[in-house]
file structure22.txt (compact mmCIF, C-alpha atoms and all ligand atoms)
# COMPACT_ATOMS: atom_id res chain seq x y z
CA ALA A 17 4.63 -2.43 -18.57
CA ALA A 18 4.75 -5.06 -21.30
CA ALA A 19 4.24 -2.30 -23.89
CA GLU A 20 7.10 -0.28 -22.41
CA LYS A 21 9.35 -3.25 -22.98
CA GLY A 22 8.41 -3.30 -26.64
CA GLY A 23 7.60 -6.99 -26.64
CA PHE A 24 10.83 -7.99 -24.87
CA ALA A 25 10.71 -9.97 -21.63
CA HIS A 26 12.93 -7.46 -19.84
CA PHE A 27 14.22 -3.92 -20.26
CA MET A 28 17.73 -5.33 -20.34
CA LEU A 29 17.01 -7.42 -23.42
CA LYS A 30 15.21 -4.52 -25.10
CA GLU A 31 18.20 -2.28 -24.41
CA ILE A 32 20.65 -4.86 -25.73
CA TYR A 33 18.65 -4.86 -28.95
CA GLU A 34 18.58 -1.06 -29.12
CA GLN A 35 22.37 -0.91 -29.42
CA PRO A 36 22.62 -0.55 -33.20
CA LYS A 37 20.34 2.49 -33.09
CA SER A 38 22.04 3.97 -30.03
CA VAL A 39 25.46 3.70 -31.66
CA ARG A 40 24.19 5.18 -34.92
CA ASP A 41 22.54 8.10 -33.11
CA THR A 42 25.75 8.77 -31.20
CA VAL A 43 28.26 8.52 -34.05
CA ASN A 44 26.44 10.25 -36.91
CA PRO A 45 26.08 13.72 -35.37
CA ARG A 46 29.80 13.71 -34.53
CA LEU A 47 31.06 13.21 -38.06
CA LEU A 48 31.54 16.08 -40.46
CA ASN A 49 32.72 15.37 -44.00
CA GLY A 50 33.79 11.95 -42.81
CA LEU A 51 35.99 13.30 -40.01
CA PRO A 52 35.38 13.43 -36.25
CA SER A 53 33.92 16.70 -35.12
CA LEU A 54 33.67 16.70 -31.35
CA GLY A 55 33.32 20.43 -30.95
CA CYS A 56 35.52 20.55 -27.86
CA GLY A 57 38.28 22.64 -29.38
CA ASP A 58 41.72 21.72 -30.60
CA LEU A 59 43.19 18.74 -28.77
CA SER A 60 46.72 18.97 -30.18
CA GLY A 61 48.13 20.29 -26.91
CA VAL A 62 46.80 17.44 -24.77
CA GLU A 63 49.75 15.65 -23.16
CA ARG A 64 47.95 12.98 -21.16
CA VAL A 65 44.40 11.75 -20.80
CA HIS A 66 42.80 10.76 -17.49
CA ILE A 67 39.62 8.77 -17.89
CA ILE A 68 37.42 8.57 -14.82
CA GLY A 69 34.25 6.63 -14.06
CA CYS A 70 32.61 3.85 -12.05
CA GLY A 71 31.47 0.37 -12.93
CA THR A 72 30.61 -0.18 -16.54
CA ALA A 73 31.54 3.41 -17.45
CA MET A 74 35.02 2.78 -16.06
CA HIS A 75 35.28 -0.38 -18.16
CA ALA A 76 34.39 1.65 -21.24
CA GLY A 77 37.27 3.90 -20.24
CA LEU A 78 39.67 0.94 -20.22
CA VAL A 79 38.70 0.06 -23.77
CA GLY A 80 38.90 3.73 -24.79
CA ARG A 81 42.37 4.06 -23.35
CA ALA A 82 43.58 1.35 -25.71
CA ALA A 83 42.15 3.20 -28.72
CA ILE A 84 43.62 6.53 -27.61
CA GLU A 85 47.08 5.09 -27.06
CA ARG A 86 46.96 3.10 -30.28
CA PHE A 87 45.91 5.88 -32.63
CA ALA A 88 46.99 9.08 -30.90
CA ARG A 89 50.01 7.73 -29.00
CA VAL A 90 48.97 9.99 -26.15
CA PRO A 91 49.40 8.33 -22.75
CA ALA A 92 46.07 7.62 -21.12
CA GLU A 93 45.19 6.33 -17.69
CA VAL A 94 41.94 5.13 -16.22
CA HIS A 95 40.86 5.93 -12.69
CA VAL A 96 38.11 4.46 -10.56
CA ALA A 97 36.26 7.63 -9.48
CA SER A 98 36.03 6.64 -5.81
CA GLU A 99 39.82 6.24 -5.70
CA PHE A 100 40.60 9.31 -7.75
CA ARG A 101 38.54 11.62 -5.55
CA TYR A 102 40.44 10.71 -2.39
CA GLY A 103 43.78 10.17 -4.02
CA ASP A 104 46.43 12.70 -4.81
CA PRO A 105 46.36 12.39 -8.58
CA ILE A 106 49.25 13.75 -10.57
CA ILE A 107 47.68 15.95 -13.21
CA GLY A 108 49.44 18.39 -15.48
CA LYS A 109 47.89 21.59 -16.80
CA LYS A 110 47.97 20.25 -20.33
CA ASP A 111 46.19 17.05 -19.45
CA LEU A 112 42.60 16.26 -20.30
CA ALA A 113 40.19 14.66 -17.84
CA VAL A 114 37.46 12.61 -19.48
CA ILE A 115 34.59 11.88 -17.12
CA ILE A 116 32.30 9.03 -18.17
CA SER A 117 28.84 8.50 -16.71
CA GLN A 118 25.55 7.23 -18.06
CA SER A 119 23.43 9.06 -15.49
CA GLY A 120 25.68 12.07 -15.01
CA GLU A 121 24.79 11.89 -11.31
CA THR A 122 27.09 9.26 -9.76
CA ALA A 123 28.36 10.87 -6.55
CA ASP A 124 31.95 9.63 -6.79
CA THR A 125 32.24 10.56 -10.45
CA LEU A 126 30.85 14.03 -9.85
CA ALA A 127 33.30 14.53 -6.98
CA ALA A 128 36.14 13.37 -9.24
CA LEU A 129 35.08 15.92 -11.87
CA ARG A 130 35.12 18.67 -9.25
CA LEU A 131 38.58 17.63 -8.08
CA ALA A 132 39.87 17.64 -11.65
CA LYS A 133 38.47 21.14 -12.15
CA GLN A 134 40.09 22.28 -8.92
CA LYS A 135 43.40 21.05 -10.30
CA GLY A 136 42.91 23.38 -13.23
CA VAL A 137 42.77 20.72 -15.91
CA ARG A 138 40.42 20.78 -18.89
CA THR A 139 37.42 18.50 -18.34
CA MET A 140 35.30 16.69 -20.89
CA ALA A 141 32.22 14.66 -19.96
CA ILE A 142 30.76 11.70 -21.83
CA VAL A 143 27.24 11.56 -20.47
CA ASN A 144 23.92 10.06 -21.53
CA VAL A 145 21.47 12.11 -19.48
CA VAL A 146 20.98 15.60 -20.84
CA GLY A 147 21.24 18.37 -18.27
CA SER A 148 22.63 16.08 -15.53
CA SER A 149 25.07 17.44 -12.94
CA ILE A 150 28.20 16.11 -14.64
CA ALA A 151 27.02 17.42 -18.00
CA ARG A 152 26.45 20.87 -16.53
CA GLU A 153 29.71 21.12 -14.65
CA ALA A 154 32.22 19.82 -17.19
CA ASP A 155 33.98 22.29 -19.51
CA CYS A 156 32.70 20.41 -22.50
CA VAL A 157 30.09 17.68 -22.83
CA LEU A 158 29.82 14.94 -25.42
CA TYR A 159 26.35 13.52 -25.17
CA THR A 160 25.81 9.88 -25.99
CA TRP A 161 22.39 9.10 -27.42
CA ALA A 162 21.47 5.71 -26.02
CA GLY A 163 18.09 7.03 -24.88
CA PRO A 164 16.79 6.18 -21.41
CA GLU A 165 18.42 3.10 -19.90
CA ILE A 166 16.03 1.45 -17.44
CA ALA A 167 17.63 -1.90 -16.57
CA VAL A 168 20.08 -1.55 -13.69
CA ALA A 169 22.80 -3.43 -15.57
CA SER A 170 24.21 -1.08 -18.18
CA THR A 171 24.30 -2.28 -21.79
CA LYS A 172 23.54 0.26 -24.48
CA ALA A 173 25.12 3.06 -22.45
CA TYR A 174 28.40 1.13 -22.53
CA SER A 175 28.21 0.70 -26.29
CA VAL A 176 27.72 4.40 -26.93
CA GLN A 177 30.51 5.26 -24.51
CA LEU A 178 32.83 3.04 -26.54
CA ALA A 179 31.74 4.72 -29.76
CA MET A 180 32.32 8.19 -28.33
CA LEU A 181 35.74 7.19 -27.01
CA ASP A 182 36.60 5.87 -30.48
CA LEU A 183 35.69 9.26 -31.92
CA LEU A 184 37.78 10.95 -29.25
CA ALA A 185 40.74 8.69 -30.02
CA LEU A 186 40.53 9.59 -33.70
CA GLN A 187 40.11 13.30 -32.97
CA LEU A 188 43.18 13.23 -30.71
CA ALA A 189 45.15 11.28 -33.31
CA LEU A 190 44.20 13.72 -36.06
CA ASP A 191 44.90 16.81 -33.96
CA HIS A 192 48.28 15.37 -32.94
CA GLY A 193 49.11 14.62 -36.56
CA ARG A 194 49.52 10.92 -35.82
CA ILE A 195 47.15 9.87 -38.59
CA SER A 196 46.40 11.67 -41.84
CA PRO A 197 42.95 13.01 -42.70
CA HIS A 198 42.72 10.21 -45.25
CA GLU A 199 43.48 7.50 -42.69
CA THR A 200 41.05 9.14 -40.29
CA ARG A 201 38.31 9.05 -42.92
CA VAL A 202 38.87 5.35 -43.46
CA LEU A 203 38.60 4.68 -39.72
CA CYS A 204 35.50 6.89 -39.42
CA ALA A 205 33.92 4.93 -42.26
CA ASP A 206 34.55 1.77 -40.18
CA LEU A 207 32.88 3.45 -37.25
CA GLN A 208 29.85 4.33 -39.35
CA LYS A 209 29.45 0.68 -40.22
CA LEU A 210 29.54 -0.29 -36.55
CA PRO A 211 25.74 -0.23 -36.04
CA ASP A 212 25.35 -2.88 -38.76
CA MET A 213 28.11 -4.95 -37.20
CA VAL A 214 26.40 -4.78 -33.81
CA GLU A 215 23.16 -5.82 -35.53
CA GLU A 216 25.04 -8.81 -36.93
CA ALA A 217 26.34 -9.71 -33.45
CA LEU A 218 22.76 -9.80 -32.15
CA LYS A 219 22.22 -12.85 -34.34
CA LEU A 220 24.29 -14.76 -31.79
CA ASP A 221 21.29 -14.59 -29.45
CA ALA A 222 20.24 -18.25 -29.78
CA SER A 223 23.82 -19.51 -29.43
CA CYS A 224 24.31 -17.40 -26.31
CA LYS A 225 21.15 -18.83 -24.84
CA GLU A 226 22.39 -22.33 -25.58
CA ALA A 227 25.78 -21.67 -24.02
CA ALA A 228 24.12 -20.14 -20.95
CA ALA A 229 22.00 -23.26 -20.49
CA ALA A 230 25.17 -25.33 -20.36
CA TYR A 231 26.68 -23.19 -17.57
CA ALA A 232 23.62 -22.10 -15.61
CA LYS A 233 24.24 -24.35 -12.61
CA GLN A 234 27.80 -23.15 -12.06
CA GLU A 235 28.54 -20.75 -9.21
CA ILE A 236 31.84 -19.40 -10.49
CA ALA A 237 33.27 -18.34 -13.83
CA PHE A 238 36.56 -16.98 -15.09
CA PHE A 239 36.87 -14.61 -18.01
CA ILE A 240 40.24 -14.38 -19.70
CA GLY A 241 41.56 -12.17 -22.48
CA ARG A 242 44.69 -10.39 -23.62
CA GLY A 243 45.18 -6.82 -24.81
CA VAL A 244 41.89 -5.05 -25.40
CA ASP A 245 40.06 -8.33 -24.72
CA TYR A 246 41.07 -7.97 -21.08
CA PRO A 247 38.80 -4.97 -20.33
CA SER A 248 36.07 -6.70 -22.30
CA SER A 249 36.47 -9.70 -20.04
CA MET A 250 36.07 -7.40 -17.02
CA GLU A 251 32.80 -6.11 -18.43
CA GLY A 252 31.60 -9.64 -19.22
CA ALA A 253 32.40 -10.75 -15.67
CA LEU A 254 30.69 -7.71 -14.17
CA LYS A 255 27.48 -8.39 -16.10
CA LEU A 256 27.42 -11.97 -14.87
CA LYS A 257 27.97 -10.89 -11.26
CA GLU A 258 25.40 -8.13 -11.42
CA ILE A 259 22.43 -10.01 -12.79
CA ALA A 260 23.14 -13.76 -12.49
CA TYR A 261 24.96 -13.66 -9.13
CA VAL A 262 27.73 -15.88 -10.43
CA GLU A 263 31.07 -15.18 -8.83
CA SER A 264 33.05 -14.14 -11.89
CA GLU A 265 36.55 -12.87 -12.21
CA ALA A 266 38.41 -11.43 -15.15
CA TYR A 267 42.08 -12.08 -15.76
CA ALA A 268 44.63 -11.04 -18.27
CA ALA A 269 44.99 -14.50 -19.81
CA GLY A 270 48.72 -14.75 -19.15
CA GLU A 271 48.27 -13.86 -15.49
CA LEU A 272 46.02 -16.79 -14.64
CA LYS A 273 48.93 -19.13 -14.04
CA HIS A 274 50.27 -16.88 -11.27
CA GLY A 275 47.80 -18.13 -8.71
CA THR A 276 44.26 -18.29 -9.97
CA ILE A 277 44.71 -21.43 -12.02
CA SER A 278 44.65 -23.33 -8.71
CA LEU A 279 40.90 -22.74 -8.71
CA ILE A 280 40.34 -24.45 -12.05
CA VAL A 281 38.92 -27.94 -11.57
CA GLU A 282 36.71 -30.30 -13.55
CA HIS A 283 33.91 -28.30 -15.29
CA THR A 284 34.95 -24.83 -14.07
CA PRO A 285 33.59 -22.37 -16.63
CA VAL A 286 36.23 -20.33 -18.44
CA ILE A 287 35.08 -17.77 -20.96
CA ALA A 288 38.00 -16.96 -23.23
CA LEU A 289 37.98 -13.85 -25.40
CA ALA A 290 40.37 -13.87 -28.35
CA THR A 291 39.45 -11.25 -30.93
CA GLN A 292 42.92 -9.91 -31.71
CA SER A 293 44.79 -11.92 -34.31
CA LYS A 294 48.28 -11.12 -33.09
CA LEU A 295 47.41 -12.43 -29.62
CA PHE A 296 45.21 -15.32 -30.69
CA GLU A 297 47.74 -18.13 -30.39
CA LYS A 298 48.90 -16.82 -27.02
CA THR A 299 45.37 -16.99 -25.65
CA VAL A 300 44.86 -20.44 -27.16
CA SER A 301 47.86 -21.66 -25.20
CA ASN A 302 46.23 -20.34 -22.01
CA ILE A 303 43.03 -22.12 -22.96
CA LYS A 304 45.00 -25.35 -23.28
CA GLU A 305 46.35 -24.84 -19.78
CA VAL A 306 42.87 -24.55 -18.27
CA LYS A 307 41.41 -27.32 -20.39
CA ALA A 308 44.15 -29.65 -19.20
CA ARG A 309 42.72 -29.06 -15.70
CA GLY A 310 39.18 -29.85 -16.75
CA ALA A 311 37.77 -26.37 -17.47
CA GLU A 312 34.72 -26.12 -19.70
CA VAL A 313 35.71 -23.42 -22.17
CA LEU A 314 33.51 -21.01 -24.07
CA LEU A 315 35.60 -19.26 -26.72
CA LEU A 316 34.58 -15.99 -28.37
CA CYS A 317 36.67 -15.09 -31.39
CA GLY A 318 36.53 -13.62 -34.86
CA LYS A 319 35.18 -15.57 -37.81
CA GLY A 320 38.57 -15.73 -39.41
CA ALA A 321 40.29 -17.33 -36.42
CA HIS A 322 41.80 -20.75 -36.88
CA VAL A 323 39.98 -22.80 -34.25
CA THR A 324 40.67 -26.51 -34.11
CA GLU A 325 37.98 -28.74 -32.72
CA ASP A 326 39.62 -29.59 -29.43
CA VAL A 327 40.35 -25.97 -28.43
CA ALA A 328 37.05 -25.16 -26.73
CA ASP A 329 33.81 -26.82 -25.66
CA HIS A 330 31.66 -24.04 -27.07
CA VAL A 331 32.61 -21.44 -29.67
CA LEU A 332 30.89 -18.17 -30.56
CA MET A 333 32.18 -16.64 -33.77
CA LEU A 334 31.89 -12.88 -34.01
CA PRO A 335 31.07 -11.04 -37.23
CA ASP A 336 33.94 -9.93 -39.39
CA VAL A 337 34.86 -6.42 -38.21
CA PRO A 338 38.04 -4.35 -38.09
CA GLU A 339 39.90 -5.51 -35.00
CA TRP A 340 39.95 -2.11 -33.31
CA LEU A 341 36.14 -2.22 -33.19
CA MET A 342 35.95 -5.76 -31.82
CA PRO A 343 35.17 -4.66 -28.22
CA SER A 344 31.93 -3.08 -29.45
CA VAL A 345 30.85 -6.29 -31.13
CA LEU A 346 32.20 -8.66 -28.49
CA VAL A 347 30.20 -7.10 -25.68
CA VAL A 348 26.91 -8.11 -27.32
CA PRO A 349 27.27 -11.89 -26.78
CA LEU A 350 28.72 -11.21 -23.32
CA GLN A 351 25.58 -9.25 -22.41
CA LEU A 352 23.34 -11.92 -23.91
CA PHE A 353 25.23 -14.70 -22.14
CA ALA A 354 24.79 -12.95 -18.76
CA TYR A 355 21.16 -12.24 -19.57
CA TYR A 356 20.32 -15.87 -20.33
CA MET A 357 22.35 -17.12 -17.38
CA ALA A 358 20.27 -14.85 -15.13
CA ALA A 359 17.07 -16.02 -16.80
CA GLU A 360 17.99 -19.68 -16.35
CA ARG A 361 18.80 -19.01 -12.71
CA GLY A 362 15.49 -17.27 -12.11
CA CYS A 363 17.03 -13.92 -11.16
CA ASP A 364 15.27 -10.56 -11.16
CA ILE A 365 17.07 -9.32 -14.23
CA ASP A 366 16.04 -5.67 -14.39
CA GLN A 367 16.23 -5.12 -10.62
CA PRO A 368 19.15 -7.15 -9.25
CA ARG A 369 19.47 -7.33 -5.50
CA ASN A 370 21.55 -4.68 -3.69
CA LEU A 371 22.20 -2.63 -6.82
CA ALA A 372 21.00 0.80 -7.86
CA LYS A 373 20.84 2.27 -11.33
CA SER A 374 22.54 5.39 -10.19
CA VAL A 375 24.54 5.71 -6.99
CA THR A 376 24.02 9.33 -6.02
CA VAL A 377 25.13 9.02 -2.42
CA GLU A 378 28.47 7.83 -1.20
C1 LIG A 401 25.85 1.87 -10.83
C2 LIG A 401 25.18 1.04 -11.91
C3 LIG A 401 26.21 0.60 -12.96
C4 LIG A 401 26.95 1.80 -13.52
C5 LIG A 401 27.58 2.65 -12.40
C6 LIG A 401 28.06 3.99 -12.93
O1 LIG A 401 26.68 1.05 -10.06
O2 LIG A 401 24.55 -0.08 -11.33
O3 LIG A 401 25.55 -0.08 -14.00
O4 LIG A 401 27.93 1.39 -14.41
O5 LIG A 401 26.62 2.94 -11.39
O6 LIG A 401 26.94 4.74 -13.32
P1 LIG A 401 27.02 5.99 -14.26
O7 LIG A 401 25.60 6.51 -14.33
O8 LIG A 401 27.94 6.98 -13.61
O9 LIG A 401 27.52 5.55 -15.56

call {"tool": "encode", "arguments": {"input": "structure22.txt", "output": "structure tokens"}}
result
Amino acid sequence: AAAEKGGFAHFMLKEIYEQPKSVRDTVNPRLLNGLPSLGCGDLSGVERVHIIGCGTAMHAGLVGRAAIERFARVPAEVHVASEFRYGDPIIGKKDLAVIISQSGETADTLAALRLAKQKGVRTMAIVNVVGSSIAREADCVLYTWAGPEIAVASTKAYSVQLAMLDLLALQLALDHGRISPHETRVLCADLQKLPDMVEEALKLDASCKEAAAAYAKQEIAFFIGRGVDYPSSMEGALKLKEIAYVESEAYAAGELKHGTISLIVEHTPVIALATQSKLFEKTVSNIKEVKARGAEVLLLCGKGAHVTEDVADHVLMLPDVPEWLMPSVLVVPLQLFAYYMAAERGCDIDQPRNLAKSVTVE
């Protein structure tokens, strides 16, 4: 078993470290002459995108929505598969349903795909397991190439889902004429550099371990972020719940004051994500609000951010990357933080209690 883990203590850590390769293997085959080439036909007629998934896959969808709306200006919504399947979703014939699943076998996600097909809408699956049910049933499949993911908590599968959604956003933007081929090439070149940027983020390992040691005895944590940092904070909180059993909640930073701030007392951990320069000062003002109530703040931000000494108790500076790709880099220290928290707390990291890798029954 030790050999299977390639020298790492757990599959989760091994898979965190495989992310540069997984992203490279997923992006490269989908670029042709520097442009996205998804092979799912012309997307210029798509009027709305519905992204559907569960758990971490759904969080990837939330990040992907931001990229789609930003570049393609096509409205996109994200649905939790278990809600979608029993809801009465409003779907137009010209919409596109994007089904995201690592395993391709999640019962709720598969049912959601079938419902979308029944509604007569075009379906596209982003799936990691070749030949899985969702891959077989969707009209078009975009395989991610993370390789087998063994740890129950998803890491590398999330990263490749983000990369594929970035490609989809650019393809939609190009097909809709919202960005020129030249602009698209520039953005695709960014995307090709992503594996190296993720590699760079892995160098935060020791600092994440140190930060985790400082928080390991805490039973609750709040993650805050604005804009695209908000879905990242949801994923960071989910990781911490899944493997370290810390009650963690994610909030849009500006929403905290509408109730939840009552829970902030001396030493309450707040993990603040602030990777977007135009929102940075806004998030800093939220950090000041929680610090004034005694919170112990871990701030994750870009290298270029202007961080004064009193802002946070711990700071993790992310590598310099184009801001639209920040979620892909930011997730690495969030995964490592959860991993080391779980290790410090003596949890069974690869096999957390009550959880299954793939939920194939309802
Ligand atoms: C389970 C796993 C999660 C995963 C979710 C969706 O709950 O524990 O890590 O995100 O299922 O799985 P899928 O295979 O559809 O991506």

call {"tool": "residues_near_ligand", "arguments": {"input": "structure22.txt", "ligand": "ligand LIG 401 (chain A)", "cutoff": "10 Å", "atoms": "all atoms listed in the file", "output": "ChimeraX atom specification"}}
result
/A:68-76,97,115-126,142-145,150,165,167-171,173-174,177,251,254-255,258,367-368,370-376

call {"tool": "atom_distance", "arguments": {"input": "structure22.txt", "atom1": "atom CA of A:Gly57", "atom2": "atom CA of A:His95"}}
result
23.8 Å

call {"tool": "atom_distance", "arguments": {"input": "structure22.txt", "atom1": "atom CA of A:His283", "atom2": "atom CA of A:Glu305"}}
result
13.7 Å

call {"tool": "axis_aligned_box", "arguments": {"input": "structure22.txt", "around": "stretch 244-259 of chain A", "padding_each_side": "3 Å", "output": "lines of an AutoDock Vina configuration file"}}
result
center_x = 32.2
center_y = -8.5
center_z = -18.3
size_x = 25.5
size_y = 13.0
size_z = 20.1

call {"tool": "closest_residue", "arguments": {"input": "structure22.txt", "among": "A:Tyr159, A:Tyr267, A:Phe100, A:Tyr261", "to": "A:Lys233", "atoms": "all atoms listed in the file"}}
result
A:Tyr261

call {"tool": "residues_around", "arguments": {"input": "structure22.txt", "residues": "A:Leu314", "least_positions_apart": "6", "cutoff": "6 Å", "atoms": "only C-alpha atoms", "output": "list in words"}}
result
Ile287, His330 and Val331 of chain A
